[in-house]
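Accompanying notes for the structure given below.
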Amino acid sequence: MKVLACDGIHDDGLALFRDAGWDVIVAPEPIKDPDALARALVDVDAVLVRSATRVPAEALAGVAGLRVIGRAGAGVDTIDVDAATARGIAVMNAPDGNTLAAAEHAISLLFALARHIPRADAGMKAGLWPKAGLTGFELEGKKLGVIGLGRIGGTVARKAQGIGMEVAAHDPFLPASAAGKGSVPLKTLDELLAWADIVTLHIPRTKETTNLLSEQRMRAMKPGAYIVNAARGGLLDESALLRLLDEGHIAGAALDTFVTEPLQADSPLRHHERLILTPHLGASTSEAQQAVSTILARQIIDFCATGAVAGCVNLPPLTAEAAREVGPWMPLMSALGRLAARLVPAPTGLHITYAGRTDALDTRPLSRLLVAALLGTASGRVTPVNALQEAALRGLVVSETVGGDGDGFDRLLRIQVTGESSSGKVRTREIEATLHRGPRVVRLDGVEIEFDPQAHVLLLRNEDRPGMVGVVGSELGAAGINIVNFALGAAGDGEARAAITIDRPVSDEQLVALRAVPGVLSLQQV
């Protein structure tokens, strides 16, 4: 396995990759050209980035083996998550590692605004005694409006309450029913802006939150209010902010993030005396960088080794404990998906039933794995990340049922695949499988025949008459093929079904000869 580390990833995380036997490639500087990044990702299993190296769709277009993009931090707005998902690439972040650092930076910007610390420092270093005009205000008793009450926003709220501020919040991702249930009261955005003396932003940048603080909304704030943005650039209209600062409607603002980073040398933001600017330092503490690198490394190593999914923005979470529970099922799911693809080459419907004791079984990764294997023989790269998206694009309707009678098995998996046959008729094939006494199919189309779908298997449909087993066995023996297991079941319609496990694949010529045996109605190699 190979990982490419960009943007100065802390070495503690890289050491975990090395200890796990990975090859670690460290980029000497951020890779900002998409073509150069695409070349760097050839033969790489995972790539680690912070905020300097962007991962756009064009950098992923020709990448075949990349499995994971890891963001050493919280925000993934520098990564084209939709493009990664479409190509079956997992996108992971480590949002918990820099929570304290980002929250403390926002609080430090509050103090800097309240006491004009940057202007005072600059004047002193210029040989002045700049006391006049730098009268500040006390934070205790002031009203702080927190937009976004997640990990970082919640920590900022708690710390602000600790210094005596009155705190309220608006969170666009929390339902209205959450109001009043926590220690921080929730308000609508309009209510919060009209109420707060200072507004601080702690939300991701999405299509919905871009320019959330528009000129109209900033004008709705109290005259003389302050703004802090240590979350993501683009959450507020920078040009409008400058106008409102010039007018005095906004008394001051502190920005750690910007629409364009690095901030342009000629940006008018750099020259406004009532703006405090820092170069995206929210997560820039040694503790935070160490934490996010190690958290991310463990997540990626576990994901590639066991299928555990943590911190993944485009896959449902799966803890290491849950991964151990579903782990034994994973090879079976892939094998059943491939088997289903041979039985129904152009599927239009898939229903998966997890019967028996399923209370501890997280079915989401298993269903995705089955769909990925079912579609994987078609064109394009299909992984559990993009399996359901690909199914929808190809017109495959996927559904599942959890619970019900296991028909004597602790857990029974029932797969029904529907599609058109070569004659144009719609047909449903059914596979039932279990892990009891090892991974095995126990019924095929209602007929009790047992076989391991991971082995070399011939599926035979023949006339139910004496001598068929001997004739087919003789043909295989004459071809030098050893029969490991011969499972036969009567279909009850004058026909029989057989699953013949063999020691090696049968050639196309041998398949033709077997299909010509009198009494053989159909034969498939899976």
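Labeling convention for the structure tokens: chains A, B, ... as they appear, residues from 1 per chain, ligands from 1 in order of appearance.
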
#### Entry: Neighbour list for Gln389 (chain A) as an NGL selection string, cut-off 10 Å, only C-alpha atoms, skip fewer than 6 positions in-chain
:A and (85-86 or 88 or 382 or 396)

Expected file contents, prior selection, C-alpha atoms, as a PDB file, in the first residue's frame:
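Okay, result.pdb is ready:
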ATOM      1  CA  THR A  85     -17.793   9.434  -4.913  1.00  0.00           C
ATOM      2  CA  ALA A  86     -18.555   8.906  -8.589  1.00  0.00           C
ATOM      3  CA  GLY A  88     -15.646   5.063  -5.849  1.00  0.00           C
ATOM      4  CA  VAL A 382     -17.687   0.456  -8.959  1.00  0.00           C
ATOM      5  CA  LEU A 396     -31.149  -0.892 -10.925  1.00  0.00           C
TER       6      LEU A 396
END

### Query
Can you list, as number ranges by chain, every protein, DNA or RNA residue that comes within 7 Å of region 30-41 of chain A when you count only C-alpha atoms, leaving out same-chain residues fewer than 3 positions away?
A: 6-7, 27, 44, 52-54, 56, 58-60, 63

### Query
If we count only C-alpha atoms, what is near Lys159 (chain A) at a cut-off of 10 Å, once residues fewer than 5 positions away on the same chain are taken out, given as a PyMOL selection string?
chain A and resi 103-104+107+153-154+164-165

Save out the residues we just selected, C-alpha atoms, as a PDB file, in the first residue's frame.
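This is the output file out22.pdb:
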ATOM      1  CA  ALA A 103     -12.346  27.197  19.129  1.00  0.00           C
ATOM      2  CA  GLU A 104      -9.497  28.825  21.050  1.00  0.00           C
ATOM      3  CA  ILE A 107     -11.982  33.185  21.250  1.00  0.00           C
ATOM      4  CA  GLY A 153     -19.228  26.146  17.740  1.00  0.00           C
ATOM      5  CA  GLY A 154     -20.344  24.284  20.848  1.00  0.00           C
ATOM      6  CA  GLY A 164     -19.570  35.728  31.300  1.00  0.00           C
ATOM      7  CA  MET A 165     -20.972  36.291  27.823  1.00  0.00           C
TER       8      MET A 165
END

### Query
Any idea what's packed within 8 Å of Gly73 (chain A), counting only C-alpha atoms, ignoring anything in its chain fewer than 6 positions away? Could you give it as a PyMOL selection string?
chain A and resi 50+93-95+97-98+283+292

For the selection just defined, write its residues with N, CA and C atoms to a file, as a compact mmCIF listing (two decimals), in the first residue's frame.
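In the end it all went to part29.txt:
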# COMPACT_ATOMS: atom_id res chain seq x y z
N ARG A 50 -4.07 18.93 3.42
CA ARG A 50 -4.66 19.89 4.34
C ARG A 50 -5.44 20.89 3.47
N ASN A 93 -12.17 12.71 6.79
CA ASN A 93 -11.59 13.85 7.48
C ASN A 93 -11.40 13.50 8.94
N ALA A 94 -10.84 14.44 9.70
CA ALA A 94 -10.59 14.22 11.13
C ALA A 94 -11.09 15.44 11.89
N PRO A 95 -12.40 15.62 11.96
CA PRO A 95 -12.96 16.85 12.51
C PRO A 95 -12.72 17.05 14.00
N GLY A 97 -9.97 16.36 15.74
CA GLY A 97 -8.59 16.61 16.13
C GLY A 97 -8.25 18.07 16.35
N ASN A 98 -8.94 18.97 15.63
CA ASN A 98 -8.58 20.39 15.75
C ASN A 98 -9.69 21.22 16.41
N ALA A 283 -6.47 25.84 12.96
CA ALA A 283 -6.02 24.50 13.37
C ALA A 283 -4.51 24.41 13.52
N VAL A 292 -4.78 15.42 14.32
CA VAL A 292 -5.50 15.11 13.08
C VAL A 292 -4.71 14.13 12.22

### Message
Just want the 9 Å neighbourhood of region 483-486 of chain A, counted on only C-alpha atoms, with same-chain residues fewer than 3 positions away dropped. Output as JSON, numbers by chain.
### Response
{"A": [450, 451, 469, 473, 476, 477, 498, 499, 500, 501, 502, 503]}

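Minimum distance to Gly492 (chain A) across A:Val447, A:Leu296, A:Leu388, A:Val526 (counting only C-alpha atoms) occurs at A:Val447.
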
### Query
Quick one: residues within 8 Å of Val471 (chain A), only C-alpha atoms counted, chain neighbours fewer than 4 positions away excluded, as JSON, numbers by chain?
{"A": [467, 475, 517]}
